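S.K.: Sharing entry33.txt here; it has compact mmCIF, C-alpha atoms.
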# COMPACT_ATOMS: atom_id res chain seq x y z
CA MET A 1 104.18 133.31 131.08
CA ASN A 2 102.52 130.26 129.50
CA ASN A 3 99.02 129.02 130.31
CA SER A 4 100.21 126.38 132.76
CA GLU A 5 102.36 128.84 134.73
CA LEU A 6 99.48 131.31 134.82
CA LYS A 7 97.11 128.69 136.27
CA GLN A 8 99.66 127.79 138.93
CA GLN A 9 99.99 131.46 139.84
CA ILE A 10 96.19 131.81 140.09
CA LYS A 11 96.03 128.83 142.43
CA HIS A 12 98.64 130.40 144.72
CA LEU A 13 96.71 133.67 144.61
CA LEU A 14 93.55 131.81 145.65
CA VAL A 15 95.22 130.06 148.56
CA GLU A 16 97.00 133.17 149.84
CA ASN A 17 94.24 135.73 149.37
CA LEU A 18 91.35 133.59 150.53
CA MET A 19 93.33 131.77 153.20
CA LEU A 20 92.14 128.41 151.88
CA GLN A 21 92.85 125.33 153.96
CA THR A 22 94.34 123.58 150.97
CA THR A 23 97.50 123.83 148.88
CA ALA A 24 97.80 125.22 145.36
CA GLU A 25 98.85 121.76 144.16
CA GLU A 26 95.56 120.26 145.38
CA ILE A 27 93.43 122.62 143.31
CA ALA A 28 92.41 121.10 139.96
CA ASP A 29 92.11 123.37 136.93
CA ASP A 30 88.42 122.60 136.56
CA ILE A 31 87.25 122.34 140.17
CA PRO A 32 84.25 124.69 140.69
CA MET A 33 84.95 127.74 142.84
CA PHE A 34 81.47 127.74 144.36
CA GLY A 35 78.95 125.17 145.50
CA PRO A 36 79.21 121.66 146.86
CA GLY A 37 81.99 119.53 145.47
CA GLY A 38 84.04 122.61 144.74
CA LEU A 39 86.30 124.91 146.72
CA GLY A 40 83.26 126.14 148.64
CA LEU A 41 83.89 129.84 148.13
CA ASP A 42 81.19 132.33 149.08
CA SER A 43 80.26 135.86 148.03
CA VAL A 44 82.86 137.48 150.31
CA ASP A 45 85.57 135.28 148.78
CA ALA A 46 84.32 136.35 145.34
CA LEU A 47 84.64 139.99 146.36
CA GLN A 48 88.23 139.46 147.47
CA LEU A 49 89.01 137.50 144.35
CA VAL A 50 87.69 140.26 142.07
CA VAL A 51 89.92 142.81 143.85
CA ALA A 52 92.95 140.49 143.77
CA LEU A 53 92.57 139.75 140.04
CA ASP A 54 92.34 143.46 139.29
CA LYS A 55 95.37 144.19 141.47
CA HIS A 56 97.59 141.41 140.09
CA TYR A 57 96.47 141.15 136.46
CA GLY A 58 94.49 144.33 135.73
CA LEU A 59 91.47 142.13 135.07
CA LYS A 60 88.37 144.30 135.48
CA ILE A 61 85.24 142.34 136.35
CA SER A 62 82.58 144.98 136.11
CA ASP A 63 79.32 143.22 136.94
CA ALA A 64 77.85 140.14 138.56
CA GLU A 65 77.05 138.50 135.23
CA ALA A 66 80.67 138.77 134.07
CA ALA A 67 81.86 137.50 137.45
CA LYS A 68 79.61 134.46 137.14
CA GLY A 69 81.25 133.52 133.85
CA ILE A 70 84.83 134.25 134.82
CA LEU A 71 84.94 132.89 138.37
CA GLN A 72 83.81 129.35 137.55
CA ASN A 73 87.18 127.65 137.90
CA VAL A 74 90.90 128.20 137.37
CA ASN A 75 90.54 127.52 133.62
CA THR A 76 87.95 130.27 133.14
CA ILE A 77 89.92 132.76 135.24
CA ALA A 78 93.09 132.06 133.24
CA ALA A 79 91.17 132.45 129.97
CA ALA A 80 89.77 135.83 131.08
CA ILE A 81 93.24 137.04 132.05
CA GLU A 82 94.66 135.97 128.69
CA GLN A 83 91.80 137.63 126.81
CA ARG A 84 91.71 140.88 128.75
CA PRO A 85 92.19 144.07 126.71
CA GLN A 86 95.85 145.03 126.09
CA ALA A 87 95.28 148.47 127.59
CA ALA A 88 94.52 146.93 130.96
CA ARG A 89 97.83 145.11 131.21
CA MET B 1 102.38 153.62 166.31
CA ASN B 2 103.00 153.29 162.56
CA PRO B 3 101.91 156.31 160.54
CA ARG B 4 98.65 155.75 158.74
CA VAL B 5 96.71 157.32 155.90
CA ILE B 6 93.41 158.66 157.22
CA LEU B 7 90.48 160.34 155.49
CA ILE B 8 87.99 162.31 157.58
CA THR B 9 84.87 163.67 155.92
CA GLY B 10 83.14 166.78 157.21
CA ALA B 11 86.54 167.89 158.44
CA ASN B 12 85.71 171.55 158.72
CA GLY B 13 83.27 171.08 161.60
CA GLY B 14 84.01 170.93 165.30
CA LEU B 15 84.03 167.13 165.52
CA GLY B 16 86.06 166.69 162.35
CA GLN B 17 88.64 169.17 163.58
CA ALA B 18 88.92 167.43 166.94
CA MET B 19 89.40 164.07 165.23
CA ALA B 20 92.08 165.45 162.94
CA ARG B 21 93.97 166.96 165.85
CA SER B 22 93.64 163.73 167.79
CA PHE B 23 95.12 161.67 164.95
CA LEU B 24 97.96 164.15 164.56
CA GLN B 25 98.60 163.90 168.28
CA GLU B 26 98.65 160.11 168.09
CA SER B 27 101.44 160.17 165.54
CA PRO B 28 102.66 163.42 164.05
CA GLU B 29 103.46 161.44 160.91
CA ASN B 30 99.93 160.22 160.27
CA GLN B 31 98.87 161.39 156.82
CA LEU B 32 95.55 163.16 157.23
CA TRP B 33 93.16 164.04 154.45
CA LEU B 34 90.49 166.52 155.43
CA GLY B 35 87.39 166.10 153.29
CA ILE B 36 85.74 169.48 152.83
CA HIS B 37 82.76 170.64 150.85
CA ALA B 38 80.85 173.86 151.51
CA ARG B 39 83.24 175.53 153.97
CA SER B 40 86.95 175.12 154.52
CA ASP B 41 88.20 177.88 156.85
CA GLN B 42 88.91 175.62 159.86
CA ALA B 43 90.42 172.85 157.77
CA GLU B 44 92.63 175.41 156.02
CA ASN B 45 94.05 176.52 159.37
CA LEU B 46 94.91 172.97 160.35
CA ALA B 47 96.40 172.14 156.95
CA ARG B 48 98.53 175.27 157.18
CA GLN B 49 99.86 174.20 160.59
CA SER B 50 100.95 170.74 159.38
CA PRO B 51 101.44 171.08 155.63
CA ASP B 52 103.45 167.85 155.29
CA TYR B 53 100.94 165.69 157.11
CA CYS B 54 97.57 167.31 156.65
CA ARG B 55 95.88 168.08 153.35
CA MET B 56 92.45 169.22 152.30
CA ILE B 57 90.53 167.40 149.66
CA ALA B 58 87.31 168.47 147.96
CA LEU B 59 84.65 165.88 148.63
CA ASP B 60 80.91 165.98 148.13
CA VAL B 61 79.97 162.81 150.00
CA THR B 62 76.62 162.55 148.20
CA ARG B 63 78.32 162.03 144.82
CA PRO B 64 80.07 158.77 143.91
CA ASP B 65 82.24 160.54 141.29
CA SER B 66 83.50 162.93 143.95
CA TRP B 67 84.46 159.97 146.17
CA LYS B 68 86.18 158.25 143.27
CA ALA B 69 88.29 161.32 142.51
CA ALA B 70 89.19 161.86 146.18
CA VAL B 71 90.25 158.26 146.77
CA ALA B 72 92.24 158.25 143.52
CA GLU B 73 94.11 161.38 144.64
CA ILE B 74 94.96 159.83 148.01
CA LEU B 75 96.11 156.58 146.43
CA ALA B 76 98.20 158.44 143.88
CA ARG B 77 100.19 159.93 146.74
CA HIS B 78 100.30 157.15 149.34
CA LYS B 79 99.28 153.95 147.54
CA ARG B 80 97.15 153.05 150.56
CA LEU B 81 94.28 154.20 152.72
CA ASP B 82 94.06 152.85 156.26
CA VAL B 83 91.21 154.69 157.94
CA LEU B 84 87.98 156.27 156.76
CA VAL B 85 85.95 158.34 159.21
CA ASN B 86 82.50 159.06 157.77
CA ASN B 87 81.81 162.19 159.75
CA ALA B 88 80.06 164.52 157.27
CA GLY B 89 76.46 165.18 158.21
CA ASP B 90 73.84 167.77 158.90
CA HIS B 91 70.31 168.06 160.19
CA GLN B 92 67.19 169.99 159.19
CA ASP B 93 64.74 169.54 162.04
CA ALA B 94 60.98 169.77 161.47
CA LEU B 95 57.88 167.87 162.45
CA LEU B 96 57.18 165.16 159.92
CA ALA B 97 53.74 166.65 159.20
CA ASN B 98 55.48 169.79 157.98
CA MET B 99 58.66 168.27 156.54
CA SER B 100 59.25 168.81 152.86
CA LEU B 101 60.20 165.85 150.70
CA ASP B 102 63.28 167.81 149.71
CA SER B 103 64.39 168.06 153.35
CA TRP B 104 63.81 164.34 153.90
CA GLN B 105 65.77 163.38 150.81
CA LYS B 106 68.59 165.84 151.41
CA ILE B 107 69.23 164.62 154.95
CA LEU B 108 69.05 160.96 153.92
CA ALA B 109 71.43 161.62 151.02
CA LEU B 110 73.98 163.40 153.17
CA ASN B 111 73.88 161.27 156.32
CA LEU B 112 73.13 157.80 154.95
CA ASP B 113 73.87 157.70 151.21
CA GLY B 114 77.13 159.51 151.92
CA VAL B 115 78.27 156.67 154.18
CA PHE B 116 77.27 154.10 151.57
CA HIS B 117 79.22 155.90 148.83
CA GLY B 118 82.22 156.33 151.10
CA CYS B 119 82.40 152.68 152.11
CA GLN B 120 81.98 151.60 148.50
CA ALA B 121 84.75 153.94 147.38
CA VAL B 122 87.37 152.73 149.86
CA LEU B 123 86.56 149.02 150.06
CA PRO B 124 88.45 147.83 146.96
CA THR B 125 91.60 149.45 148.37
CA MET B 126 91.09 148.09 151.87
CA ILE B 127 90.27 144.62 150.54
CA GLY B 128 93.46 144.71 148.46
CA GLN B 129 95.43 145.73 151.57
CA ARG B 130 93.57 143.15 153.66
CA HIS B 131 93.38 145.86 156.27
CA GLY B 132 91.23 148.87 157.00
CA ARG B 133 89.25 150.74 159.60
CA ILE B 134 85.91 152.41 158.88
CA ILE B 135 84.33 154.51 161.59
CA ASN B 136 80.87 155.90 160.97
CA ILE B 137 79.73 158.85 163.02
CA ALA B 138 76.06 158.27 163.80
CA SER B 139 74.18 160.00 166.61
CA LEU B 140 72.34 159.32 169.82
CA SER B 141 69.25 160.24 167.75
CA ALA B 142 69.66 156.87 166.04
CA LEU B 143 69.03 155.10 169.36
CA LEU B 144 66.75 157.60 171.07
CA ALA B 145 64.95 159.44 168.31
CA PRO B 146 63.59 162.81 169.41
CA ALA B 147 60.54 164.54 167.93
CA GLY B 148 61.39 166.73 164.99
CA GLN B 149 64.22 164.58 163.66
CA THR B 150 62.50 161.87 161.64
CA ASN B 151 64.82 162.46 158.69
CA TYR B 152 68.04 162.71 160.70
CA ALA B 153 67.19 159.92 163.15
CA ALA B 154 66.15 157.57 160.34
CA ALA B 155 69.34 158.31 158.44
CA LYS B 156 71.55 157.74 161.48
CA ALA B 157 69.70 154.55 162.44
CA GLY B 158 70.37 153.44 158.88
CA VAL B 159 74.05 154.14 159.43
CA LEU B 160 74.05 151.80 162.46
CA ALA B 161 72.39 149.02 160.46
CA LEU B 162 74.79 149.55 157.56
CA THR B 163 77.69 149.40 160.02
CA GLN B 164 76.58 146.07 161.49
CA SER B 165 75.87 144.50 158.13
CA LEU B 166 79.06 145.66 156.42
CA ALA B 167 81.12 144.65 159.44
CA LYS B 168 79.97 141.05 158.94
CA GLU B 169 80.72 141.17 155.22
CA VAL B 170 84.35 142.26 155.58
CA ALA B 171 85.33 140.92 159.01
CA ARG B 172 87.50 138.12 157.73
CA ILE B 173 89.33 140.42 155.32
CA GLY B 174 90.86 142.38 158.19
CA ILE B 175 88.57 145.37 157.90
CA THR B 176 86.64 146.62 160.91
CA VAL B 177 83.53 148.79 160.70
CA ASN B 178 82.22 150.53 163.78
CA ALA B 179 79.89 153.37 164.66
CA VAL B 180 80.01 156.10 167.23
CA CYS B 181 76.90 157.80 168.62
CA PRO B 182 77.66 161.16 170.15
CA GLY B 183 75.02 162.73 172.37
CA TYR B 184 75.09 166.45 173.13
CA VAL B 185 78.53 167.65 172.11
CA ASP B 186 79.61 171.25 172.48
CA THR B 187 80.13 172.29 168.86
CA ALA B 188 78.67 175.03 166.70
CA ALA B 189 76.33 172.42 165.23
CA LEU B 190 74.47 172.14 168.54
CA GLU B 191 72.50 175.34 167.79
CA MET B 192 70.69 175.76 171.13
CA ASN B 193 69.55 178.79 173.06
CA GLU B 194 70.13 179.06 176.81
CA ILE B 195 66.75 177.57 177.77
CA GLU B 196 67.25 174.61 175.46
CA ARG B 197 70.77 174.07 176.77
CA LYS B 198 69.50 174.05 180.36
CA ARG B 199 66.74 171.60 179.50
CA ALA B 200 69.17 169.34 177.66
CA MET B 201 71.63 169.44 180.53
CA GLU B 202 68.97 168.14 182.91
CA ARG B 203 68.68 165.00 180.77
CA ILE B 204 72.40 164.24 180.96
CA PRO B 205 73.43 162.27 184.06
CA MET B 206 76.90 163.84 183.91
CA ARG B 207 75.25 167.29 183.88
CA ARG B 208 77.52 168.59 181.14
CA PHE B 209 77.85 168.49 177.36
CA GLY B 210 80.51 166.35 175.79
CA GLN B 211 83.62 167.90 174.33
CA PRO B 212 84.64 167.21 170.73
CA CYS B 213 87.95 165.79 171.95
CA GLU B 214 86.02 163.14 173.93
CA VAL B 215 84.36 161.88 170.76
CA ALA B 216 87.65 162.13 168.89
CA ALA B 217 89.36 159.92 171.49
CA ALA B 218 86.81 157.17 170.92
CA VAL B 219 87.24 157.41 167.15
CA ARG B 220 91.00 157.27 167.48
CA PHE B 221 90.70 154.17 169.67
CA LEU B 222 88.44 152.37 167.16
CA ALA B 223 90.98 153.20 164.45
CA CYS B 224 93.99 151.88 166.37
CA GLY B 225 95.63 148.48 166.28
CA GLU B 226 94.47 147.55 169.77
CA ALA B 227 90.83 147.71 168.61
CA SER B 228 91.38 144.96 166.06
CA TYR B 229 88.75 142.59 167.54
CA ILE B 230 86.02 145.21 167.69
CA THR B 231 83.74 145.34 164.70
CA GLY B 232 80.06 145.99 164.07
CA SER B 233 79.92 147.86 167.37
CA THR B 234 78.07 150.99 168.31
CA LEU B 235 79.78 153.12 170.92
CA LYS B 236 77.62 155.81 172.49
CA ILE B 237 79.30 158.85 173.95
CA ASP B 238 76.51 160.66 175.72
CA GLY B 239 77.36 161.28 179.36
CA GLY B 240 75.07 158.44 180.37
CA ILE B 241 71.77 159.50 178.76
CA LEU B 242 71.00 156.05 177.40
Take the structure in the file and give it back as structure tokens.
M.R.:
Amino acid sequence: MNNSELKQQIKHLLVENLMLQTTAEEIADDIPMFGPGGLGLDSVDALQLVVALDKHYGLKISDAEAAKGILQNVNTIAAAIEQRPQAAR
Amino acid sequence: MNPRVILITGANGGLGQAMARSFLQESPENQLWLGIHARSDQAENLARQSPDYCRMIALDVTRPDSWKAAVAEILARHKRLDVLVNNAGDHQDALLANMSLDSWQKILALNLDGVFHGCQAVLPTMIGQRHGRIINIASLSALLAPAGQTNYAAAKAGVLALTQSLAKEVARIGITVNAVCPGYVDTAALEMNEIERKRAMERIPMRRFGQPCEVAAAVRFLACGEASYITGSTLKIDGGIL
């Protein structure tokens, strides 16, 4: 799967798992996940997202600091998935 | 009723046994896991009667690593976990002035920390499923704290607060979290002499102790599909005391 396909998959995962009132196509690669002007996710969404990323991609997000870096936008999530250790795949 | 995967802690005691039997009655194909720690004789009997649907699992609820191993074993077999009943608990009654720090900490660890560890252990699975039922067994002592139970009553009141707070956190993920507060229930854990029993009975408007199956029925209801809009609730089962 190339980077573009991965990002599209992440957007679908976001919409389906978090029941967002938007479509995957409307989510820009760099739109912030949290805060005003972004997707408006909250801490419960983040919790669900961490579980979903582990389930679908074996991406382990072990602490809040790591989550802060990875869950910024679709670009950062895709980068973390691509860089995750081989053993986790 | 679709068969479900259910973990009951403290499954060797009178309440745990009644809950297990109730879930088996609901659907003989429910997959029950009986969490046991110090004693296992009663759970062994039940597991022997329904070997395909009822298994024992070693679980020290005060230890996160024990929870991790237990949940991993259940998931390895079923790939899901639908219901957790946090039932393990004990009391060591004493006046606070005489209570040892060890007794305070032990009762808090077992009755309150154990629920925390349990919820934390099953949540990733339930979040992934977008479905789950957690039922915490508290006590009437949480709502009407008697003298001599500062440790136990504080722990159980903590369980009620944890239940309400967690329920709000996971409500929109399809997970419900509720608590049950049994009053005087006729189990071996009641530990009363005849005079104490008589005195207790006078406080109960129904003039009788509850039966374990009556608590089990409430737990089974909170775990069923029809209870899907109930979360963060505390259900007291006390014959009308409070």
S.K.: Can you tell me, as a VMD selection string, what residues are no more than 12 Å from B:Ala189 when counting only C-alpha atoms, ignoring any on the same chain fewer than 4 positions away?
M.R.: chain B and resid 10 12 to 16 88 to 92 184 to 185 212
S.K.: With only C-alpha atoms counted and 10 Å as the cut-off, give the residues of chain A in contact with chain B, each with its shortest interatomic distance in Å and the pair that gives it, as CSV.
M.R.:
residue,atom,partner,partner_atom,distance
A:Asn17,CA,B:Arg130,CA,8.6
A:Leu18,CA,B:Ile173,CA,8.6
A:Met19,CA,B:Arg172,CA,9.7
A:Ser43,CA,B:Glu169,CA,9.0
A:Val44,CA,B:Glu169,CA,6.5
A:Asp45,CA,B:Ile173,CA,9.1
A:Leu47,CA,B:Ile127,CA,8.4
A:Gln48,CA,B:Ile127,CA,6.3
A:Leu49,CA,B:Gly128,CA,9.4
A:Val50,CA,B:Pro124,CA,9.0
A:Val51,CA,B:Pro124,CA,6.1
A:Ala52,CA,B:Gly128,CA,6.3
A:Leu53,CA,B:Gly128,CA,9.8
A:Asp54,CA,B:Gly128,CA,9.3
A:Lys55,CA,B:Gly128,CA,7.3
A:His56,CA,B:Gly128,CA,9.9
S.K.: Would you work out the distance separating atom CA of B:Asp65 from atom CA of B:Leu84, expressed in Å to one decimal?
M.R.: 17.0 Å
S.K.: With a distance cut-off of 8 Å and only C-alpha atoms, select the neighbouring residues of B:Gly118, excluding the residue or stretch itself and same-chain residues fewer than 2 positions from it, and output the selection as a ChimeraX atom specification.
M.R.: /B:61,64,67,86,114-116,120-122
S.K.: Taking (67.8, 163.8, 155.6) in the file's coordinates as the center, which residues reach within 10 Å of it, counting all atoms listed in the file, put as a PDB file with C-alpha atoms, in the frame of the given file?
M.R.:
ATOM      1  CA  GLY B  89      76.460 165.180 158.210  1.00  0.00           C
ATOM      2  CA  ASP B  90      73.840 167.770 158.900  1.00  0.00           C
ATOM      3  CA  HIS B  91      70.310 168.060 160.190  1.00  0.00           C
ATOM      4  CA  GLN B  92      67.190 169.990 159.190  1.00  0.00           C
ATOM      5  CA  ASP B  93      64.740 169.540 162.040  1.00  0.00           C
ATOM      6  CA  LEU B 101      60.200 165.850 150.700  1.00  0.00           C
ATOM      7  CA  ASP B 102      63.280 167.810 149.710  1.00  0.00           C
ATOM      8  CA  SER B 103      64.390 168.060 153.350  1.00  0.00           C
ATOM      9  CA  TRP B 104      63.810 164.340 153.900  1.00  0.00           C
ATOM     10  CA  GLN B 105      65.770 163.380 150.810  1.00  0.00           C
ATOM     11  CA  LYS B 106      68.590 165.840 151.410  1.00  0.00           C
ATOM     12  CA  ILE B 107      69.230 164.620 154.950  1.00  0.00           C
ATOM     13  CA  LEU B 108      69.050 160.960 153.920  1.00  0.00           C
ATOM     14  CA  ALA B 109      71.430 161.620 151.020  1.00  0.00           C
ATOM     15  CA  LEU B 110      73.980 163.400 153.170  1.00  0.00           C
ATOM     16  CA  ASN B 111      73.880 161.270 156.320  1.00  0.00           C
ATOM     17  CA  LEU B 112      73.130 157.800 154.950  1.00  0.00           C
ATOM     18  CA  ASP B 113      73.870 157.700 151.210  1.00  0.00           C
ATOM     19  CA  GLN B 149      64.220 164.580 163.660  1.00  0.00           C
ATOM     20  CA  THR B 150      62.500 161.870 161.640  1.00  0.00           C
ATOM     21  CA  ASN B 151      64.820 162.460 158.690  1.00  0.00           C
ATOM     22  CA  TYR B 152      68.040 162.710 160.700  1.00  0.00           C
ATOM     23  CA  ALA B 153      67.190 159.920 163.150  1.00  0.00           C
ATOM     24  CA  ALA B 154      66.150 157.570 160.340  1.00  0.00           C
ATOM     25  CA  ALA B 155      69.340 158.310 158.440  1.00  0.00           C
ATOM     26  CA  LYS B 156      71.550 157.740 161.480  1.00  0.00           C
TER      27      LYS B 156
END
S.K.: Might you pull out every residue within 7 Å of B:Thr231, with all atoms listed in the file counted and same-chain residues fewer than 3 positions away left off, and present them as a ChimeraX atom specification?
M.R.: /B:167,176-178
S.K.: Could you please take those selected residues and save C-alpha atoms as an mmCIF file, in the frame of the given file?
M.R.:
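Now in again.cif:
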data_model
loop_
_atom_site.group_PDB
_atom_site.id
_atom_site.type_symbol
_atom_site.label_atom_id
_atom_site.label_comp_id
_atom_site.auth_asym_id
_atom_site.auth_seq_id
_atom_site.Cartn_x
_atom_site.Cartn_y
_atom_site.Cartn_z
ATOM 1 C CA ALA B 167 81.120 144.650 159.440
ATOM 2 C CA THR B 176 86.640 146.620 160.910
ATOM 3 C CA VAL B 177 83.530 148.790 160.700
ATOM 4 C CA ASN B 178 82.220 150.530 163.780
#
S.K.: What does the distance between atom CA of A:Lys11 and atom CA of A:Glu82 come to in Å, to one decimal place?
M.R.: 15.5 Å
S.K.: Can you pull out the residues contacting stretch 135-148 of chain B? Cut-off 8 Å, using all atoms listed in the file, and skip same-chain residues under 6 positions away; I want them as JSON, numbers by chain.
M.R.: {"B": [83, 84, 85, 86, 87, 93, 94, 95, 96, 115, 154, 155, 156, 157, 158, 159, 160, 163, 177, 178, 179, 180, 181, 182, 183, 219, 222, 223, 236, 238, 242]}
S.K.: Could the residues in this selection be saved with C-alpha atoms as a CSV table (one decimal), in the coordinates of the input?
M.R.:
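Contents of part.csv, freshly written:
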chain,number,residue,atom,x,y,z
B,83,VAL,CA,91.2,154.7,157.9
B,84,LEU,CA,88.0,156.3,156.8
B,85,VAL,CA,86.0,158.3,159.2
B,86,ASN,CA,82.5,159.1,157.8
B,87,ASN,CA,81.8,162.2,159.8
B,93,ASP,CA,64.7,169.5,162.0
B,94,ALA,CA,61.0,169.8,161.5
B,95,LEU,CA,57.9,167.9,162.4
B,96,LEU,CA,57.2,165.2,159.9
B,115,VAL,CA,78.3,156.7,154.2
B,154,ALA,CA,66.2,157.6,160.3
B,155,ALA,CA,69.3,158.3,158.4
B,156,LYS,CA,71.6,157.7,161.5
B,157,ALA,CA,69.7,154.6,162.4
B,158,GLY,CA,70.4,153.4,158.9
B,159,VAL,CA,74.0,154.1,159.4
B,160,LEU,CA,74.0,151.8,162.5
B,163,THR,CA,77.7,149.4,160.0
B,177,VAL,CA,83.5,148.8,160.7
B,178,ASN,CA,82.2,150.5,163.8
B,179,ALA,CA,79.9,153.4,164.7
B,180,VAL,CA,80.0,156.1,167.2
B,181,CYS,CA,76.9,157.8,168.6
B,182,PRO,CA,77.7,161.2,170.2
B,183,GLY,CA,75.0,162.7,172.4
B,219,VAL,CA,87.2,157.4,167.2
B,222,LEU,CA,88.4,152.4,167.2
B,223,ALA,CA,91.0,153.2,164.4
B,236,LYS,CA,77.6,155.8,172.5
B,238,ASP,CA,76.5,160.7,175.7
B,242,LEU,CA,71.0,156.0,177.4
